[in-house]
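Peer 1: There's a structure below that I have some questions on.
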Amino acid sequence: MPNTAPAFSFLSQIIDLPILDSESRKKIGMLDDFVVEIKEMYPRIVALIVMQKNGMRFRIPWSCVKLVNERRSIIIGDYTAFVGQSYIVAVSELRLKKIFWDKQIVDTHGSKVVRVNDLHLLREKMSLWVIHVDIGIKGLLRRLGWLGFFGGIIRWLFDYEIKDKFISWKFVHPLADSDKLKYLSLKVPVSSLNELHPADLADILIDLGIEEKINVILSLDNETAAGTFQELPLKIKLQITELMNIEDLARILMEMPMDEIVDFFAEIKLETRNALFKILPLKDVLQIKDLLQHSGNIAGSLMNTEFIAINREINVSDILNVIRYEAEEFETIYYIYVIDKDDRITGVVSLKQLLTADPETKVADLMREKVISVEVNTHIDVVAKIFFKYDFVVVPVVDEEEKLVGIITIKDALEAVFPEIREETEEIS
């Protein structure tokens with residue numbers, strides 16, 4: 001598959017595609033099903049089941065596939081030896097469509113949960129893995145070919161986007177191929193189903209080989225790749241760093257929050273750090289170097305330098321326009337800080353206040369003038385106590401001249417004071 005192909009596909013978008021000869025482009029048959037091997041955490045597709053006009057089916061190894069044109073065709077070559085031969089599905093293999101589509105998932109206590117409407121596939125070069133079962137209405141509409149029509153109507157009438165609803169493959173019990181199979185087994189109780197959000201890409205990558213991890217990351221857009229890289233355990237980040245092209249690594253890092261970038265730079269080899277400094281924009285390099293100088297146990301080492309600051313004369317409508325325009329540039333937006341001409345904090349206003357206020361109201365009439373902040377050199381233990389005392393989500397950081405220089409989130413503060421939190425999270429992943 002070309003690198004421009006989407007990183008994800010659905011079984012419904014590929015099943016029933018015409019199978020074409022790579023040389024003559026003559027139609028051989030239709031894709032009736034995929035065969036996957038279930039030895040790994042996420043099953044890899046290993047063969048196609050092709051159905052001919054006369055209803056006969058035969059199996060072709062995945063290695064014969066030359067190209068998959070999603071929603072159009074599958075091109076194969078070197079397949080003639082397999083045409084007309086009877087086939088078997090091994091004990092360690094499954095037929096996807098036959099086993100999963102329209103099956104009920106039951107929990108460990110036998111309660112019926114949901115129906116499988118589709119399967120979510122991860123694409124990496126010439127490989128396909130099954131990563132989620134799709135249990136949402138969106139999956140059913142996609143299979144029926146109605147998603148575009150009904151999705152458009154729902155957006156028009158209710159300004160609502162139908163969301164995907166997945167269960168990670170790791171929660172679905174592997175099964176043997178059987179015509180009598182009616183149910184799939186869920187590895188957790190139904191009471192825990194609300195915890196089964198789509199496993200993020202970082203969780204999936206953990207179970208792949210290092211080269212496959214890199215290839216998947218590079219197939220994503222910059223923002224998604226950065227978010228995925230950011231969530232990976234440190235040891236995997238360092239493995240990827242050793243093998244990834246330095247320009248690609250720099251491109252991904254530039255989409256990450258500054259505090260995450262600094263944490264990463266503190267762990268990588270000096271030669272890698274210097275190579276990145278030659279590529280990154282000068283202003284970012286200077287900022288990273290400055291933050292790296294801070295001790296690991298003070299506020300300056302935790303702060304993110306991306307925040308929204310405004311003057312007191314601006315009104316609510318203008319602030320919201322600023323937020324809409326710049327929101328994607330910031331890791332988090334809970335508070336908007338009001339500063340004077342010398343960049344000193346004079347007040348703070350919450351996003352909730354802005355959303356519920358009259359658009360023409362001046363920020364000076366909404367802001368709280370007494371702002372709790374910490375200095376760059378404040379010890380992280382003191383920072384943590386401030387979060388607990390005032391029940392803050394974010395705390396601003398100021399320098400010795402009271403100028404606003406950054407913000408600290410409660411997540412970063414807790415991880416600094418209790419590093420075992422991150423370690424345990426990575427172990428769970």
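Identifiers in this document derive from the order of the structure tokens: chains are assigned A, B, ..., residues are numbered from 1 separately in each chain, and ligands are numbered from 1 in order of occurrence.
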Run DSSP on the backbone of this structure and report the residues of region 263-338 of chain A it assigns to alpha helix (DSSP H), as a ChimeraX atom specification.
Peer 2: /A:263-265,270-277,282-292,316-326
Peer 1: Could you turn the residues from that selection into a file that holds N, CA and C atoms, as an mmCIF file, in the first residue's frame?
Peer 2:
```cif
data_model
loop_
_atom_site.group_PDB
_atom_site.id
_atom_site.type_symbol
_atom_site.label_atom_id
_atom_site.label_comp_id
_atom_site.auth_asym_id
_atom_site.auth_seq_id
_atom_site.Cartn_x
_atom_site.Cartn_y
_atom_site.Cartn_z
ATOM 1 N N ASP A 263 10.913 17.633 28.769
ATOM 2 C CA ASP A 263 11.067 16.355 29.468
ATOM 3 C C ASP A 263 11.749 15.324 28.571
ATOM 4 N N PHE A 264 11.363 15.335 27.296
ATOM 5 C CA PHE A 264 11.942 14.395 26.339
ATOM 6 C C PHE A 264 13.425 14.706 26.111
ATOM 7 N N PHE A 265 13.751 15.980 25.923
ATOM 8 C CA PHE A 265 15.137 16.380 25.684
ATOM 9 C C PHE A 265 16.028 16.035 26.876
ATOM 10 N N LEU A 270 23.052 13.185 24.078
ATOM 11 C CA LEU A 270 23.526 14.526 23.753
ATOM 12 C C LEU A 270 23.635 14.736 22.246
ATOM 13 N N GLU A 271 24.104 13.710 21.513
ATOM 14 C CA GLU A 271 24.253 13.870 20.060
ATOM 15 C C GLU A 271 22.895 14.019 19.366
ATOM 16 N N THR A 272 21.894 13.314 19.877
ATOM 17 C CA THR A 272 20.548 13.450 19.320
ATOM 18 C C THR A 272 19.985 14.834 19.629
ATOM 19 N N ARG A 273 20.229 15.287 20.842
ATOM 20 C CA ARG A 273 19.761 16.615 21.244
ATOM 21 C C ARG A 273 20.375 17.696 20.355
ATOM 22 N N ASN A 274 21.677 17.599 20.129
ATOM 23 C CA ASN A 274 22.354 18.605 19.306
ATOM 24 C C ASN A 274 21.878 18.550 17.854
ATOM 25 N N ALA A 275 21.611 17.340 17.364
ATOM 26 C CA ALA A 275 21.125 17.205 15.987
ATOM 27 C C ALA A 275 19.749 17.854 15.841
ATOM 28 N N LEU A 276 18.906 17.707 16.852
ATOM 29 C CA LEU A 276 17.582 18.329 16.826
ATOM 30 C C LEU A 276 17.686 19.852 16.921
ATOM 31 N N PHE A 277 18.634 20.330 17.721
ATOM 32 C CA PHE A 277 18.813 21.777 17.860
ATOM 33 C C PHE A 277 19.172 22.433 16.522
ATOM 34 N N LEU A 282 15.010 28.562 15.886
ATOM 35 C CA LEU A 282 15.926 29.127 16.881
ATOM 36 C C LEU A 282 15.202 29.524 18.165
ATOM 37 N N LYS A 283 14.031 30.144 18.039
ATOM 38 C CA LYS A 283 13.311 30.594 19.244
ATOM 39 C C LYS A 283 12.926 29.412 20.133
ATOM 40 N N ASP A 284 12.602 28.278 19.517
ATOM 41 C CA ASP A 284 12.256 27.087 20.290
ATOM 42 C C ASP A 284 13.498 26.466 20.922
ATOM 43 N N VAL A 285 14.593 26.488 20.195
ATOM 44 C CA VAL A 285 15.846 25.957 20.734
ATOM 45 C C VAL A 285 16.269 26.738 21.974
ATOM 46 N N LEU A 286 16.188 28.064 21.879
ATOM 47 C CA LEU A 286 16.571 28.907 23.023
ATOM 48 C C LEU A 286 15.673 28.638 24.219
ATOM 49 N N GLN A 287 14.389 28.458 23.961
ATOM 50 C CA GLN A 287 13.443 28.196 25.034
ATOM 51 C C GLN A 287 13.705 26.828 25.675
ATOM 52 N N ILE A 288 13.960 25.828 24.855
ATOM 53 C CA ILE A 288 14.242 24.494 25.375
ATOM 54 C C ILE A 288 15.510 24.507 26.222
ATOM 55 N N LYS A 289 16.548 25.157 25.727
ATOM 56 C CA LYS A 289 17.806 25.226 26.470
ATOM 57 C C LYS A 289 17.617 25.932 27.800
ATOM 58 N N ASP A 290 16.821 27.000 27.805
ATOM 59 C CA ASP A 290 16.570 27.742 29.036
ATOM 60 C C ASP A 290 15.836 26.873 30.058
ATOM 61 N N LEU A 291 14.816 26.146 29.594
ATOM 62 C CA LEU A 291 14.038 25.309 30.504
ATOM 63 C C LEU A 291 14.839 24.109 30.991
ATOM 64 N N LEU A 292 15.753 23.620 30.173
ATOM 65 C CA LEU A 292 16.575 22.486 30.584
ATOM 66 C C LEU A 292 17.533 22.843 31.716
ATOM 67 N N VAL A 316 -15.603 40.036 26.030
ATOM 68 C CA VAL A 316 -15.762 38.583 25.992
ATOM 69 C C VAL A 316 -15.795 38.054 24.560
ATOM 70 N N SER A 317 -16.509 38.728 23.681
ATOM 71 C CA SER A 317 -16.622 38.285 22.297
ATOM 72 C C SER A 317 -15.257 38.186 21.628
ATOM 73 N N ASP A 318 -14.410 39.188 21.857
ATOM 74 C CA ASP A 318 -13.079 39.191 21.250
ATOM 75 C C ASP A 318 -12.198 38.089 21.836
ATOM 76 N N ILE A 319 -12.350 37.838 23.150
ATOM 77 C CA ILE A 319 -11.560 36.770 23.778
ATOM 78 C C ILE A 319 -11.912 35.412 23.174
ATOM 79 N N LEU A 320 -13.215 35.158 23.023
ATOM 80 C CA LEU A 320 -13.657 33.875 22.471
ATOM 81 C C LEU A 320 -13.169 33.688 21.036
ATOM 82 N N ASN A 321 -13.103 34.789 20.294
ATOM 83 C CA ASN A 321 -12.562 34.705 18.935
ATOM 84 C C ASN A 321 -11.083 34.325 18.953
ATOM 85 N N VAL A 322 -10.355 34.880 19.916
ATOM 86 C CA VAL A 322 -8.937 34.540 20.069
ATOM 87 C C VAL A 322 -8.784 33.061 20.389
ATOM 88 N N ILE A 323 -9.640 32.568 21.297
ATOM 89 C CA ILE A 323 -9.571 31.163 21.699
ATOM 90 C C ILE A 323 -9.875 30.252 20.515
ATOM 91 N N ARG A 324 -10.918 30.592 19.755
ATOM 92 C CA ARG A 324 -11.268 29.776 18.591
ATOM 93 C C ARG A 324 -10.123 29.719 17.586
ATOM 94 N N TYR A 325 -9.448 30.841 17.428
ATOM 95 C CA TYR A 325 -8.381 30.924 16.431
ATOM 96 C C TYR A 325 -7.112 30.214 16.889
ATOM 97 N N GLU A 326 -6.835 30.245 18.201
ATOM 98 C CA GLU A 326 -5.554 29.748 18.696
ATOM 99 C C GLU A 326 -5.653 28.464 19.506
#
```
Peer 1: If you count only C-alpha atoms, which residues fall within 12 Å of Ile210 (chain A), apart from same-chain ones fewer than 5 positions away, as a compact mmCIF listing (two decimals) with C-alpha atoms, in the first residue's frame?
Peer 2:
```txt
# COMPACT_ATOMS: atom_id res chain seq x y z
CA LEU A 205 1.86 0.56 19.07
CA ASN A 215 6.00 3.28 10.10
CA VAL A 216 2.60 3.74 11.74
CA ILE A 217 3.61 7.01 13.39
CA LYS A 235 11.66 3.49 26.98
CA ILE A 236 9.68 3.09 23.74
CA LYS A 237 10.12 6.77 22.89
CA LEU A 238 13.88 6.33 23.25
CA GLN A 239 13.86 3.20 21.07
CA ILE A 240 11.96 5.06 18.36
CA THR A 241 14.33 8.02 18.65
CA GLU A 242 17.32 5.77 17.96
CA LEU A 243 15.89 4.62 14.61
CA MET A 244 13.66 7.44 13.37
```
Peer 1: Please identify all polymer residues within 9 Å of Val68 (chain A), counting only C-alpha atoms, omitting same-chain residues fewer than 6 positions from it, and present them as an mmCIF file with C-alpha atoms, in the first residue's frame.
Peer 2:
```
data_model
loop_
_atom_site.group_PDB
_atom_site.id
_atom_site.type_symbol
_atom_site.label_atom_id
_atom_site.label_comp_id
_atom_site.auth_asym_id
_atom_site.auth_seq_id
_atom_site.Cartn_x
_atom_site.Cartn_y
_atom_site.Cartn_z
ATOM 1 C CA MET A 1 0.000 0.000 0.000
ATOM 2 C CA ILE A 14 -12.897 -3.567 1.751
ATOM 3 C CA ILE A 74 -7.629 -5.400 -4.688
ATOM 4 C CA ILE A 75 -4.755 -6.161 -7.067
ATOM 5 C CA ILE A 76 -3.022 -9.546 -6.750
ATOM 6 C CA MET A 126 1.469 -3.874 3.102
#
```
Peer 1: When you count only C-alpha atoms, which of these residues is closest to Glu124 (chain A): A:Glu93, A:Glu267, A:Glu402, A:Glu211?
Peer 2: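 Ranked by minimum distance to Glu124 (chain A), first place goes to A:Glu211.
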Peer 1: Neighbouring residues of region 363-374 of chain A were defined as those with any atom within 8 Å, considering only C-alpha atoms; residues of the same chain fewer than 6 positions away were excluded. Please report them as a list in words.
Peer 2: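 My list of contacting residues is Ala299, Arg312, Glu313, Ile314, Asn315, Val316, Val338, Ile345, Thr346, Gly347, Val348, Val349, Gln353, Val383, Val395, Pro396, Val397 and Val398 of chain A.
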Peer 1: Of the candidates A:Lys53, A:Gly77, A:Val65, A:Asn377, which one gets nearest to Arg25 (chain A) if we count only C-alpha atoms?
Peer 2: A:Gly77
Peer 1: Name all residues at most 8 Å from Leu121 (chain A) (count only C-alpha atoms; drop same-chain ones fewer than 4 positions away) and give them as a list in words.
Peer 2: Phe8, Ser9, Phe10, Leu11, Leu128, Trp129, Val130, Ile131 and His132 of chain A
Peer 1: So that I can check the surroundings of region 144-158 of chain A, please list as an NGL selection string every protein, DNA and RNA residue that reaches within 9 Å of it, counting only C-alpha atoms and ignoring chain neighbours fewer than 5 positions away.
Peer 2: :A and (12 or 138-139)
Peer 1: Just the residues within 8 Å of Phe330 (chain A), please, counting only C-alpha atoms, with nothing from its chain fewer than 3 positions along; format it as a compact mmCIF listing (two decimals) with N, CA and C atoms, in the first residue's frame.
Peer 2:
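See around.txt below for the written result:
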```txt
# COMPACT_ATOMS: atom_id res chain seq x y z
N PRO A 257 3.46 19.87 23.39
CA PRO A 257 3.58 20.98 24.33
C PRO A 257 5.04 21.15 24.78
N GLU A 306 3.03 27.68 26.87
CA GLU A 306 1.93 28.00 25.95
C GLU A 306 0.68 28.32 26.77
N PHE A 307 0.23 29.55 26.72
CA PHE A 307 -0.96 29.99 27.46
C PHE A 307 -1.54 31.20 26.75
N GLU A 326 -6.84 30.25 18.20
CA GLU A 326 -5.55 29.75 18.70
C GLU A 326 -5.65 28.46 19.51
N ALA A 327 -6.86 27.92 19.69
CA ALA A 327 -7.06 26.78 20.60
C ALA A 327 -6.17 25.59 20.27
N ILE A 333 -6.71 24.74 27.91
CA ILE A 333 -7.22 26.10 28.14
C ILE A 333 -8.30 26.03 29.21
```
Peer 1: So that I can check the secondary structure, give me every residue of region 331-429 of chain A assigned strand (DSSP E or B) by backbone DSSP, as a list in words.
Peer 2: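 Of region 331-429 of chain A, only Tyr335, Ile336, Tyr337, Val338, Ile339, Arg344, Ile345, Thr346, Gly347, Val348, Val349, Ser350, Lys362, Arg368, Val374, Glu375, His379, Val394, Val395, Pro396, Val397, Val398, Lys403, Leu404, Val405, Gly406, Ile407, Ile408 and Thr409 of chain A fall in strand (DSSP E or B).
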Peer 1: With N, CA and C atoms retained, write the just-selected residues as an mmCIF file, in the first residue's frame.
Peer 2:
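The resulting file, selection.cif, is reproduced below:
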```cif
data_model
loop_
_atom_site.group_PDB
_atom_site.id
_atom_site.type_symbol
_atom_site.label_atom_id
_atom_site.label_comp_id
_atom_site.auth_asym_id
_atom_site.auth_seq_id
_atom_site.Cartn_x
_atom_site.Cartn_y
_atom_site.Cartn_z
ATOM 1 N N TYR A 335 -7.964 28.588 31.985
ATOM 2 C CA TYR A 335 -8.013 29.982 32.422
ATOM 3 C C TYR A 335 -7.349 30.882 31.389
ATOM 4 N N ILE A 336 -7.814 32.123 31.327
ATOM 5 C CA ILE A 336 -7.196 33.140 30.489
ATOM 6 C C ILE A 336 -6.669 34.208 31.436
ATOM 7 N N TYR A 337 -5.403 34.531 31.276
ATOM 8 C CA TYR A 337 -4.758 35.446 32.220
ATOM 9 C C TYR A 337 -4.743 36.867 31.668
ATOM 10 N N VAL A 338 -4.990 37.806 32.567
ATOM 11 C CA VAL A 338 -5.008 39.224 32.212
ATOM 12 C C VAL A 338 -3.686 39.834 32.656
ATOM 13 N N ILE A 339 -2.976 40.475 31.735
ATOM 14 C CA ILE A 339 -1.668 41.045 32.051
ATOM 15 C C ILE A 339 -1.635 42.528 31.710
ATOM 16 N N ARG A 344 2.878 41.577 33.606
ATOM 17 C CA ARG A 344 2.575 41.137 34.964
ATOM 18 C C ARG A 344 1.099 40.746 35.057
ATOM 19 N N ILE A 345 0.825 39.694 35.829
ATOM 20 C CA ILE A 345 -0.561 39.242 35.980
ATOM 21 C C ILE A 345 -1.351 40.227 36.835
ATOM 22 N N THR A 346 -2.499 40.642 36.289
ATOM 23 C CA THR A 346 -3.388 41.519 37.057
ATOM 24 C C THR A 346 -4.742 40.864 37.327
ATOM 25 N N GLY A 347 -4.995 39.720 36.693
ATOM 26 C CA GLY A 347 -6.271 39.054 36.911
ATOM 27 C C GLY A 347 -6.343 37.749 36.140
ATOM 28 N N VAL A 348 -7.408 37.004 36.398
ATOM 29 C CA VAL A 348 -7.628 35.732 35.713
ATOM 30 C C VAL A 348 -9.125 35.530 35.524
ATOM 31 N N VAL A 349 -9.494 34.937 34.413
ATOM 32 C CA VAL A 349 -10.893 34.643 34.131
ATOM 33 C C VAL A 349 -10.972 33.215 33.601
ATOM 34 N N SER A 350 -11.982 32.468 34.030
ATOM 35 C CA SER A 350 -12.101 31.067 33.600
ATOM 36 C C SER A 350 -12.847 30.976 32.276
ATOM 37 N N LYS A 362 -16.766 43.583 29.393
ATOM 38 C CA LYS A 362 -15.323 43.748 29.452
ATOM 39 C C LYS A 362 -14.727 42.718 30.409
ATOM 40 N N ARG A 368 -10.982 37.843 38.219
ATOM 41 C CA ARG A 368 -10.632 37.830 39.636
ATOM 42 C C ARG A 368 -9.240 38.438 39.761
ATOM 43 N N VAL A 374 2.906 30.793 41.354
ATOM 44 C CA VAL A 374 4.159 30.318 41.946
ATOM 45 C C VAL A 374 5.309 30.903 41.149
ATOM 46 N N GLU A 375 6.445 31.054 41.805
ATOM 47 C CA GLU A 375 7.627 31.544 41.107
ATOM 48 C C GLU A 375 8.367 30.390 40.440
ATOM 49 N N HIS A 379 9.695 25.120 44.869
ATOM 50 C CA HIS A 379 9.887 23.673 44.894
ATOM 51 C C HIS A 379 8.599 22.959 44.493
ATOM 52 N N VAL A 394 -4.924 24.332 37.021
ATOM 53 C CA VAL A 394 -3.742 24.960 36.436
ATOM 54 C C VAL A 394 -3.262 26.067 37.367
ATOM 55 N N VAL A 395 -1.952 26.224 37.490
ATOM 56 C CA VAL A 395 -1.372 27.310 38.292
ATOM 57 C C VAL A 395 -0.393 28.090 37.405
ATOM 58 N N PRO A 396 -0.488 29.442 37.396
ATOM 59 C CA PRO A 396 0.457 30.236 36.602
ATOM 60 C C PRO A 396 1.825 30.337 37.279
ATOM 61 N N VAL A 397 2.865 30.495 36.457
ATOM 62 C CA VAL A 397 4.246 30.623 36.957
ATOM 63 C C VAL A 397 4.770 32.000 36.574
ATOM 64 N N VAL A 398 5.379 32.683 37.534
ATOM 65 C CA VAL A 398 5.919 34.022 37.277
ATOM 66 C C VAL A 398 7.405 34.049 37.606
ATOM 67 N N LYS A 403 6.421 38.647 36.195
ATOM 68 C CA LYS A 403 5.942 38.498 34.821
ATOM 69 C C LYS A 403 5.498 37.055 34.581
ATOM 70 N N LEU A 404 4.386 36.896 33.870
ATOM 71 C CA LEU A 404 3.864 35.567 33.575
ATOM 72 C C LEU A 404 4.770 34.877 32.549
ATOM 73 N N VAL A 405 5.291 33.689 32.917
ATOM 74 C CA VAL A 405 6.213 32.991 32.022
ATOM 75 C C VAL A 405 5.741 31.583 31.658
ATOM 76 N N GLY A 406 4.713 31.074 32.351
ATOM 77 C CA GLY A 406 4.245 29.729 32.035
ATOM 78 C C GLY A 406 3.099 29.288 32.923
ATOM 79 N N ILE A 407 2.652 28.064 32.719
ATOM 80 C CA ILE A 407 1.597 27.468 33.542
ATOM 81 C C ILE A 407 1.981 26.018 33.856
ATOM 82 N N ILE A 408 1.454 25.504 34.958
ATOM 83 C CA ILE A 408 1.655 24.113 35.346
ATOM 84 C C ILE A 408 0.290 23.460 35.517
ATOM 85 N N THR A 409 0.096 22.282 34.921
ATOM 86 C CA THR A 409 -1.157 21.548 35.097
ATOM 87 C C THR A 409 -1.027 20.607 36.290
#
```
